[in-house]
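Shown here: work_20.cif, mmCIF, N, CA and C atoms.
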```cif
data_entry
loop_
_atom_site.group_PDB
_atom_site.id
_atom_site.type_symbol
_atom_site.label_atom_id
_atom_site.label_comp_id
_atom_site.auth_asym_id
_atom_site.auth_seq_id
_atom_site.Cartn_x
_atom_site.Cartn_y
_atom_site.Cartn_z
ATOM 1 N N MET A 1 0.846 -1.181 0.000
ATOM 2 C CA MET A 1 0.000 0.000 0.000
ATOM 3 C C MET A 1 0.886 1.237 0.000
ATOM 4 N N ILE A 2 0.601 2.164 -0.885
ATOM 5 C CA ILE A 2 1.353 3.409 -0.958
ATOM 6 C C ILE A 2 0.516 4.502 -0.330
ATOM 7 N N THR A 3 1.126 5.273 0.568
ATOM 8 C CA THR A 3 0.412 6.378 1.186
ATOM 9 C C THR A 3 1.221 7.650 1.027
ATOM 10 N N SER A 4 0.533 8.755 1.012
ATOM 11 C CA SER A 4 1.165 10.063 0.952
ATOM 12 C C SER A 4 0.683 10.867 2.140
ATOM 13 N N ALA A 5 1.523 11.743 2.633
ATOM 14 C CA ALA A 5 1.137 12.583 3.760
ATOM 15 C C ALA A 5 0.112 13.608 3.300
ATOM 16 N N VAL A 6 -0.982 13.706 4.012
ATOM 17 C CA VAL A 6 -1.995 14.707 3.707
ATOM 18 C C VAL A 6 -2.155 15.694 4.861
ATOM 19 N N GLU A 7 -1.490 15.418 5.972
ATOM 20 C CA GLU A 7 -1.491 16.292 7.135
ATOM 21 C C GLU A 7 -0.075 16.322 7.697
ATOM 22 N N PRO A 8 0.257 17.374 8.434
ATOM 23 C CA PRO A 8 1.576 17.397 9.071
ATOM 24 C C PRO A 8 1.683 16.264 10.091
ATOM 25 N N PRO A 9 2.896 15.766 10.341
ATOM 26 C CA PRO A 9 3.056 14.638 11.269
ATOM 27 C C PRO A 9 2.548 14.939 12.673
ATOM 28 N N GLU A 10 2.613 16.201 13.075
ATOM 29 C CA GLU A 10 2.156 16.564 14.416
ATOM 30 C C GLU A 10 0.670 16.263 14.605
ATOM 31 N N ALA A 11 -0.101 16.251 13.519
ATOM 32 C CA ALA A 11 -1.530 15.940 13.606
ATOM 33 C C ALA A 11 -1.754 14.495 14.042
ATOM 34 N N HIS A 12 -0.728 13.671 13.926
ATOM 35 C CA HIS A 12 -0.814 12.258 14.306
ATOM 36 C C HIS A 12 0.048 11.947 15.519
ATOM 37 N N GLY A 13 0.532 12.993 16.202
ATOM 38 C CA GLY A 13 1.333 12.786 17.391
ATOM 39 C C GLY A 13 2.770 12.379 17.110
ATOM 40 N N VAL A 14 3.264 12.643 15.887
ATOM 41 C CA VAL A 14 4.637 12.288 15.514
ATOM 42 C C VAL A 14 5.452 13.575 15.367
ATOM 43 N N ALA A 15 6.629 13.606 15.992
ATOM 44 C CA ALA A 15 7.520 14.757 15.844
ATOM 45 C C ALA A 15 8.071 14.789 14.419
ATOM 46 N N ARG A 16 8.397 15.967 13.937
ATOM 47 C CA ARG A 16 8.908 16.112 12.563
ATOM 48 C C ARG A 16 10.106 15.202 12.300
ATOM 49 N N ASP A 17 11.029 15.098 13.246
ATOM 50 C CA ASP A 17 12.213 14.269 13.003
ATOM 51 C C ASP A 17 11.924 12.777 13.158
ATOM 52 N N GLY A 18 10.680 12.427 13.494
ATOM 53 C CA GLY A 18 10.312 11.032 13.625
ATOM 54 C C GLY A 18 9.598 10.464 12.403
ATOM 55 N N VAL A 19 9.379 11.306 11.372
ATOM 56 C CA VAL A 19 8.681 10.802 10.191
ATOM 57 C C VAL A 19 9.533 9.770 9.471
ATOM 58 N N ARG A 20 8.841 8.863 8.779
ATOM 59 C CA ARG A 20 9.534 7.799 8.063
ATOM 60 C C ARG A 20 10.230 8.343 6.823
ATOM 61 N N MET A 21 11.297 7.660 6.444
ATOM 62 C CA MET A 21 12.095 8.076 5.295
ATOM 63 C C MET A 21 12.583 6.813 4.596
ATOM 64 N N LEU A 22 12.504 6.811 3.277
ATOM 65 C CA LEU A 22 12.997 5.698 2.480
ATOM 66 C C LEU A 22 14.290 6.147 1.818
ATOM 67 N N VAL A 23 15.369 5.420 2.040
ATOM 68 C CA VAL A 23 16.685 5.776 1.509
ATOM 69 C C VAL A 23 17.092 4.750 0.455
ATOM 70 N N ALA A 24 17.362 5.225 -0.757
ATOM 71 C CA ALA A 24 17.824 4.346 -1.835
ATOM 72 C C ALA A 24 19.311 4.582 -2.045
ATOM 73 N N SER A 25 20.064 3.498 -2.134
ATOM 74 C CA SER A 25 21.507 3.577 -2.368
ATOM 75 C C SER A 25 21.898 2.430 -3.287
ATOM 76 N N PRO A 26 23.133 2.420 -3.763
ATOM 77 C CA PRO A 26 23.561 1.295 -4.597
ATOM 78 C C PRO A 26 23.440 -0.057 -3.888
ATOM 79 N N ASP A 27 23.427 -0.043 -2.550
ATOM 80 C CA ASP A 27 23.314 -1.286 -1.782
ATOM 81 C C ASP A 27 21.868 -1.753 -1.594
ATOM 82 N N GLY A 28 20.898 -0.920 -1.976
ATOM 83 C CA GLY A 28 19.500 -1.289 -1.824
ATOM 84 C C GLY A 28 18.693 -0.184 -1.176
ATOM 85 N N VAL A 29 17.560 -0.560 -0.618
ATOM 86 C CA VAL A 29 16.640 0.382 -0.005
ATOM 87 C C VAL A 29 16.628 0.158 1.503
ATOM 88 N N THR A 30 16.647 1.258 2.262
ATOM 89 C CA THR A 30 16.651 1.199 3.718
ATOM 90 C C THR A 30 15.497 2.027 4.256
ATOM 91 N N HIS A 31 14.775 1.485 5.212
ATOM 92 C CA HIS A 31 13.735 2.242 5.905
ATOM 93 C C HIS A 31 14.384 2.900 7.114
ATOM 94 N N ALA A 32 14.129 4.207 7.277
ATOM 95 C CA ALA A 32 14.746 4.954 8.371
ATOM 96 C C ALA A 32 13.769 6.031 8.835
ATOM 97 N N ARG A 33 14.213 6.838 9.755
ATOM 98 C CA ARG A 33 13.461 8.004 10.235
ATOM 99 C C ARG A 33 14.245 9.252 9.853
ATOM 100 N N PHE A 34 13.549 10.375 9.738
ATOM 101 C CA PHE A 34 14.209 11.610 9.329
ATOM 102 C C PHE A 34 15.361 11.970 10.258
ATOM 103 N N VAL A 35 15.246 11.654 11.532
ATOM 104 C CA VAL A 35 16.314 11.930 12.488
ATOM 105 C C VAL A 35 17.615 11.219 12.082
ATOM 106 N N ASP A 36 17.510 10.146 11.270
ATOM 107 C CA ASP A 36 18.681 9.389 10.813
ATOM 108 C C ASP A 36 19.365 10.010 9.599
ATOM 109 N N LEU A 37 18.794 11.063 9.019
ATOM 110 C CA LEU A 37 19.321 11.636 7.785
ATOM 111 C C LEU A 37 20.831 11.891 7.813
ATOM 112 N N PRO A 38 21.396 12.472 8.855
ATOM 113 C CA PRO A 38 22.838 12.756 8.834
ATOM 114 C C PRO A 38 23.723 11.530 8.573
ATOM 115 N N ARG A 39 23.287 10.354 8.991
ATOM 116 C CA ARG A 39 24.142 9.176 8.791
ATOM 117 C C ARG A 39 24.208 8.752 7.325
ATOM 118 N N PHE A 40 23.306 9.257 6.492
ATOM 119 C CA PHE A 40 23.294 8.918 5.067
ATOM 120 C C PHE A 40 23.979 9.977 4.209
ATOM 121 N N LEU A 41 24.430 11.075 4.815
ATOM 122 C CA LEU A 41 25.039 12.171 4.064
ATOM 123 C C LEU A 41 26.547 12.180 4.211
ATOM 124 N N ASN A 42 27.199 12.652 3.162
ATOM 125 C CA ASN A 42 28.650 12.836 3.160
ATOM 126 C C ASN A 42 28.962 14.292 2.886
ATOM 127 N N PRO A 43 30.136 14.774 3.287
ATOM 128 C CA PRO A 43 30.497 16.158 2.984
ATOM 129 C C PRO A 43 30.363 16.427 1.481
ATOM 130 N N GLY A 44 29.742 17.544 1.147
ATOM 131 C CA GLY A 44 29.565 17.915 -0.246
ATOM 132 C C GLY A 44 28.268 17.425 -0.866
ATOM 133 N N ASP A 45 27.509 16.569 -0.162
ATOM 134 C CA ASP A 45 26.222 16.104 -0.692
ATOM 135 C C ASP A 45 25.251 17.273 -0.794
ATOM 136 N N LEU A 46 24.364 17.200 -1.759
ATOM 137 C CA LEU A 46 23.327 18.201 -1.956
ATOM 138 C C LEU A 46 22.007 17.640 -1.464
ATOM 139 N N VAL A 47 21.321 18.382 -0.610
ATOM 140 C CA VAL A 47 20.010 17.982 -0.127
ATOM 141 C C VAL A 47 18.987 18.917 -0.766
ATOM 142 N N VAL A 48 18.002 18.332 -1.445
ATOM 143 C CA VAL A 48 16.944 19.110 -2.081
ATOM 144 C C VAL A 48 15.677 18.933 -1.262
ATOM 145 N N VAL A 49 15.084 20.031 -0.859
ATOM 146 C CA VAL A 49 13.871 20.000 -0.061
ATOM 147 C C VAL A 49 12.703 20.391 -0.957
ATOM 148 N N ASN A 50 11.730 19.510 -1.067
ATOM 149 C CA ASN A 50 10.550 19.780 -1.879
ATOM 150 C C ASN A 50 9.433 20.236 -0.957
ATOM 151 N N ASN A 51 9.117 21.513 -1.023
ATOM 152 C CA ASN A 51 8.020 22.028 -0.201
ATOM 153 C C ASN A 51 6.873 22.523 -1.080
ATOM 154 N N SER A 52 6.858 22.071 -2.329
ATOM 155 C CA SER A 52 5.803 22.502 -3.235
ATOM 156 C C SER A 52 4.551 21.673 -3.027
ATOM 157 N N GLY A 53 3.438 22.299 -3.232
ATOM 158 C CA GLY A 53 2.164 21.595 -3.160
ATOM 159 C C GLY A 53 1.680 21.296 -4.570
ATOM 160 N N THR A 54 0.587 20.620 -4.658
ATOM 161 C CA THR A 54 -0.016 20.376 -5.960
ATOM 162 C C THR A 54 -1.388 21.041 -5.994
ATOM 163 N N LEU A 55 -1.833 21.359 -7.183
ATOM 164 C CA LEU A 55 -3.161 21.928 -7.365
ATOM 165 C C LEU A 55 -4.190 20.816 -7.201
ATOM 166 N N PRO A 56 -5.411 21.170 -6.869
ATOM 167 C CA PRO A 56 -6.446 20.129 -6.774
ATOM 168 C C PRO A 56 -6.929 19.725 -8.170
ATOM 169 N N ALA A 57 -5.988 19.316 -8.997
ATOM 170 C CA ALA A 57 -6.304 18.893 -10.367
ATOM 171 C C ALA A 57 -5.415 17.718 -10.724
ATOM 172 N N ALA A 58 -6.022 16.687 -11.298
ATOM 173 C CA ALA A 58 -5.251 15.509 -11.681
ATOM 174 C C ALA A 58 -5.905 14.858 -12.887
ATOM 175 N N VAL A 59 -5.074 14.208 -13.684
ATOM 176 C CA VAL A 59 -5.570 13.452 -14.834
ATOM 177 C C VAL A 59 -4.909 12.084 -14.832
ATOM 178 N N THR A 60 -5.563 11.137 -15.461
ATOM 179 C CA THR A 60 -5.003 9.801 -15.594
ATOM 180 C C THR A 60 -4.146 9.761 -16.848
ATOM 181 N N GLY A 61 -3.006 9.111 -16.760
ATOM 182 C CA GLY A 61 -2.124 8.958 -17.910
ATOM 183 C C GLY A 61 -1.461 7.593 -17.881
ATOM 184 N N HIS A 62 -0.564 7.382 -18.827
ATOM 185 C CA HIS A 62 0.186 6.131 -18.896
ATOM 186 C C HIS A 62 1.660 6.441 -19.085
ATOM 187 N N ARG A 63 2.488 5.720 -18.367
ATOM 188 C CA ARG A 63 3.938 5.846 -18.491
ATOM 189 C C ARG A 63 4.505 4.443 -18.578
ATOM 190 N N ALA A 64 5.181 4.154 -19.671
ATOM 191 C CA ALA A 64 5.754 2.829 -19.903
ATOM 192 C C ALA A 64 4.682 1.747 -19.762
ATOM 193 N N GLY A 65 3.467 2.051 -20.250
ATOM 194 C CA GLY A 65 2.393 1.076 -20.223
ATOM 195 C C GLY A 65 1.697 0.904 -18.892
ATOM 196 N N VAL A 66 2.090 1.691 -17.894
ATOM 197 C CA VAL A 66 1.496 1.593 -16.558
ATOM 198 C C VAL A 66 0.657 2.848 -16.305
ATOM 199 N N GLU A 67 -0.544 2.649 -15.772
ATOM 200 C CA GLU A 67 -1.397 3.790 -15.477
ATOM 201 C C GLU A 67 -0.828 4.599 -14.321
ATOM 202 N N VAL A 68 -0.846 5.927 -14.455
ATOM 203 C CA VAL A 68 -0.395 6.840 -13.412
ATOM 204 C C VAL A 68 -1.408 7.972 -13.293
ATOM 205 N N THR A 69 -1.423 8.618 -12.155
ATOM 206 C CA THR A 69 -2.207 9.829 -11.970
ATOM 207 C C THR A 69 -1.237 10.995 -11.996
ATOM 208 N N VAL A 70 -1.512 11.979 -12.842
ATOM 209 C CA VAL A 70 -0.642 13.147 -13.000
ATOM 210 C C VAL A 70 -1.243 14.291 -12.191
ATOM 211 N N HIS A 71 -0.508 14.760 -11.170
ATOM 212 C CA HIS A 71 -0.924 15.896 -10.348
ATOM 213 C C HIS A 71 -0.118 17.118 -10.781
ATOM 214 N N PHE A 72 -0.811 18.215 -11.022
ATOM 215 C CA PHE A 72 -0.171 19.438 -11.505
ATOM 216 C C PHE A 72 0.234 20.312 -10.332
ATOM 217 N N SER A 73 1.483 20.826 -10.371
ATOM 218 C CA SER A 73 1.995 21.648 -9.286
ATOM 219 C C SER A 73 2.118 23.105 -9.710
ATOM 220 N N THR A 74 3.006 23.392 -10.666
ATOM 221 C CA THR A 74 3.333 24.771 -11.016
ATOM 222 C C THR A 74 3.576 24.904 -12.505
ATOM 223 N N GLN A 75 3.035 25.972 -13.100
ATOM 224 C CA GLN A 75 3.372 26.263 -14.490
ATOM 225 C C GLN A 75 4.639 27.113 -14.486
ATOM 226 N N LEU A 76 5.640 26.686 -15.259
ATOM 227 C CA LEU A 76 6.920 27.369 -15.326
ATOM 228 C C LEU A 76 6.865 28.526 -16.317
ATOM 229 N N ASP A 77 7.891 29.381 -16.284
ATOM 230 C CA ASP A 77 7.937 30.549 -17.160
ATOM 231 C C ASP A 77 7.845 30.187 -18.637
ATOM 232 N N ASP A 78 8.382 29.025 -19.032
ATOM 233 C CA ASP A 78 8.346 28.627 -20.447
ATOM 234 C C ASP A 78 7.048 27.908 -20.805
ATOM 235 N N ARG A 79 6.068 27.943 -19.902
ATOM 236 C CA ARG A 79 4.738 27.355 -20.074
ATOM 237 C C ARG A 79 4.711 25.839 -19.898
ATOM 238 N N ASP A 80 5.856 25.210 -19.590
ATOM 239 C CA ASP A 80 5.863 23.801 -19.198
ATOM 240 C C ASP A 80 5.282 23.713 -17.789
ATOM 241 N N TRP A 81 4.895 22.500 -17.384
ATOM 242 C CA TRP A 81 4.335 22.293 -16.056
ATOM 243 C C TRP A 81 5.229 21.378 -15.231
ATOM 244 N N LEU A 82 5.337 21.679 -13.961
ATOM 245 C CA LEU A 82 5.962 20.796 -12.990
ATOM 246 C C LEU A 82 4.848 19.887 -12.484
ATOM 247 N N VAL A 83 5.029 18.562 -12.652
ATOM 248 C CA VAL A 83 3.990 17.611 -12.272
ATOM 249 C C VAL A 83 4.567 16.541 -11.369
ATOM 250 N N GLU A 84 3.673 15.828 -10.699
ATOM 251 C CA GLU A 84 4.067 14.692 -9.876
ATOM 252 C C GLU A 84 3.260 13.487 -10.358
ATOM 253 N N LEU A 85 3.956 12.398 -10.657
ATOM 254 C CA LEU A 85 3.291 11.166 -11.078
ATOM 255 C C LEU A 85 3.076 10.298 -9.851
ATOM 256 N N ARG A 86 1.853 9.806 -9.685
ATOM 257 C CA ARG A 86 1.540 8.937 -8.545
ATOM 258 C C ARG A 86 0.813 7.696 -9.063
ATOM 259 N N PRO A 87 0.899 6.609 -8.323
ATOM 260 C CA PRO A 87 0.114 5.437 -8.702
ATOM 261 C C PRO A 87 -1.377 5.768 -8.556
ATOM 262 N N PRO A 88 -2.232 5.162 -9.366
ATOM 263 C CA PRO A 88 -3.666 5.408 -9.236
ATOM 264 C C PRO A 88 -4.143 5.075 -7.823
ATOM 265 N N GLY A 89 -5.020 5.915 -7.289
ATOM 266 C CA GLY A 89 -5.576 5.662 -5.962
ATOM 267 C C GLY A 89 -4.730 6.165 -4.820
ATOM 268 N N ALA A 90 -3.524 6.689 -5.097
ATOM 269 C CA ALA A 90 -2.693 7.234 -4.011
ATOM 270 C C ALA A 90 -3.368 8.479 -3.468
ATOM 271 N N ALA A 91 -3.086 8.805 -2.223
ATOM 272 C CA ALA A 91 -3.708 9.973 -1.594
ATOM 273 C C ALA A 91 -3.477 11.219 -2.428
ATOM 274 N N THR A 92 -4.440 12.116 -2.412
ATOM 275 C CA THR A 92 -4.342 13.355 -3.192
ATOM 276 C C THR A 92 -3.663 14.435 -2.419
#
```

Show this structure as C-alpha cells.
Amino acid sequence: MITSAVEPPEAHGVARDGVRMLVASPDGVTHARFVDLPRFLNPGDLVVVNNSGTLPAAVTGHRAGVEVTVHFSTQLDDRDWLVELRPPGAAT
C-alpha cells in the first residue's frame, strides 16, 4: 500500500524528526526516520527540499504502459508544467 502525507506529522502525534524516510543507495533500499538523515550524508552532498504543493487537479495517464495519476503543481515561465506522477488511488 502506498500512502502520501496529507497532514503534518504533528496531527498524528509524531515529531517532525520522527517521520519515516525511504533511503535508496547502490546497496538497496533502507527504511529509516528523518532523524537518521545525517548518517546517510557525506560532505559535499546536496540535499533538495521539496516544499511545493499540488493543485487540486489531476488526470489519468500512462507511463511505460502503466497507469499513473498526474498531479499538476506549477506552471513554469516557459509554459511547461511541474507535475508529480503517482500510482492510481494514491492519496491526493

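The interatomic distance for the pair atom N of Asn42 of chain A and atom CA of Asp27 of chain A works out to 15.3 Å.
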
Extending 3 Å beyond the listed atoms of segment 26-35 of chain A on each side, what axis-aligned box results? I want centre and edge lengths in Å to one decimal, as JSON.
```
{"center_x": 18.5, "center_y": 5.1, "center_z": 3.9, "size_x": 16.1, "size_y": 19.7, "size_z": 23.1}
```

Inset, instruction - Calculate how many Å separate atom C of Glu10 of chain A from atom N of Arg33 of chain A, rounding to one decimal. - result: 17.2 Å

Legend entry - Residues near Arg20 of chain A, cut-off 8 Å, all atoms listed in the file, skip fewer than 3 positions along chain, as a PyMOL selection string: chain A and resi 16-17+23+31-35

Inset, instruction - Please provide the set of residues having any atom within 6 Å of Arg86 of chain A, restricted to only N, CA and C atoms, with same-chain residues fewer than 4 positions apart removed, written as number ranges by chain. - result: A: 68-71, 90

Got time to write the residues from that selection, N, CA and C atoms, as a PDB file, keeping the file's coordinate frame?
```pdb
ATOM      1  N   VAL A  68      -0.846   5.927 -14.455  1.00  0.00           N
ATOM      2  CA  VAL A  68      -0.395   6.840 -13.412  1.00  0.00           C
ATOM      3  C   VAL A  68      -1.408   7.972 -13.293  1.00  0.00           C
ATOM      4  N   THR A  69      -1.423   8.618 -12.155  1.00  0.00           N
ATOM      5  CA  THR A  69      -2.207   9.829 -11.970  1.00  0.00           C
ATOM      6  C   THR A  69      -1.237  10.995 -11.996  1.00  0.00           C
ATOM      7  N   VAL A  70      -1.512  11.979 -12.842  1.00  0.00           N
ATOM      8  CA  VAL A  70      -0.642  13.147 -13.000  1.00  0.00           C
ATOM      9  C   VAL A  70      -1.243  14.291 -12.191  1.00  0.00           C
ATOM     10  N   HIS A  71      -0.508  14.760 -11.170  1.00  0.00           N
ATOM     11  CA  HIS A  71      -0.924  15.896 -10.348  1.00  0.00           C
ATOM     12  C   HIS A  71      -0.118  17.118 -10.781  1.00  0.00           C
ATOM     13  N   ALA A  90      -3.524   6.689  -5.097  1.00  0.00           N
ATOM     14  CA  ALA A  90      -2.693   7.234  -4.011  1.00  0.00           C
ATOM     15  C   ALA A  90      -3.368   8.479  -3.468  1.00  0.00           C
TER      16      ALA A  90
END
```

Legend entry - For atom N of Gly89 of chain A and atom N of Pro26 of chain A, the interatomic separation in Å (one decimal): 28.6 Å

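The residues of segment 49-92 of chain A that DSSP classifies as strand (DSSP E or B), using the backbone of this structure, are Ala58, Val59, Thr60, Gly61, His62, Arg63, Val66, Glu67, Val68, Thr69, Val70, His71, Phe72, Ser73, Thr74, Gln75, Trp81, Leu82, Val83, Glu84, Leu85 and Arg86 of chain A.
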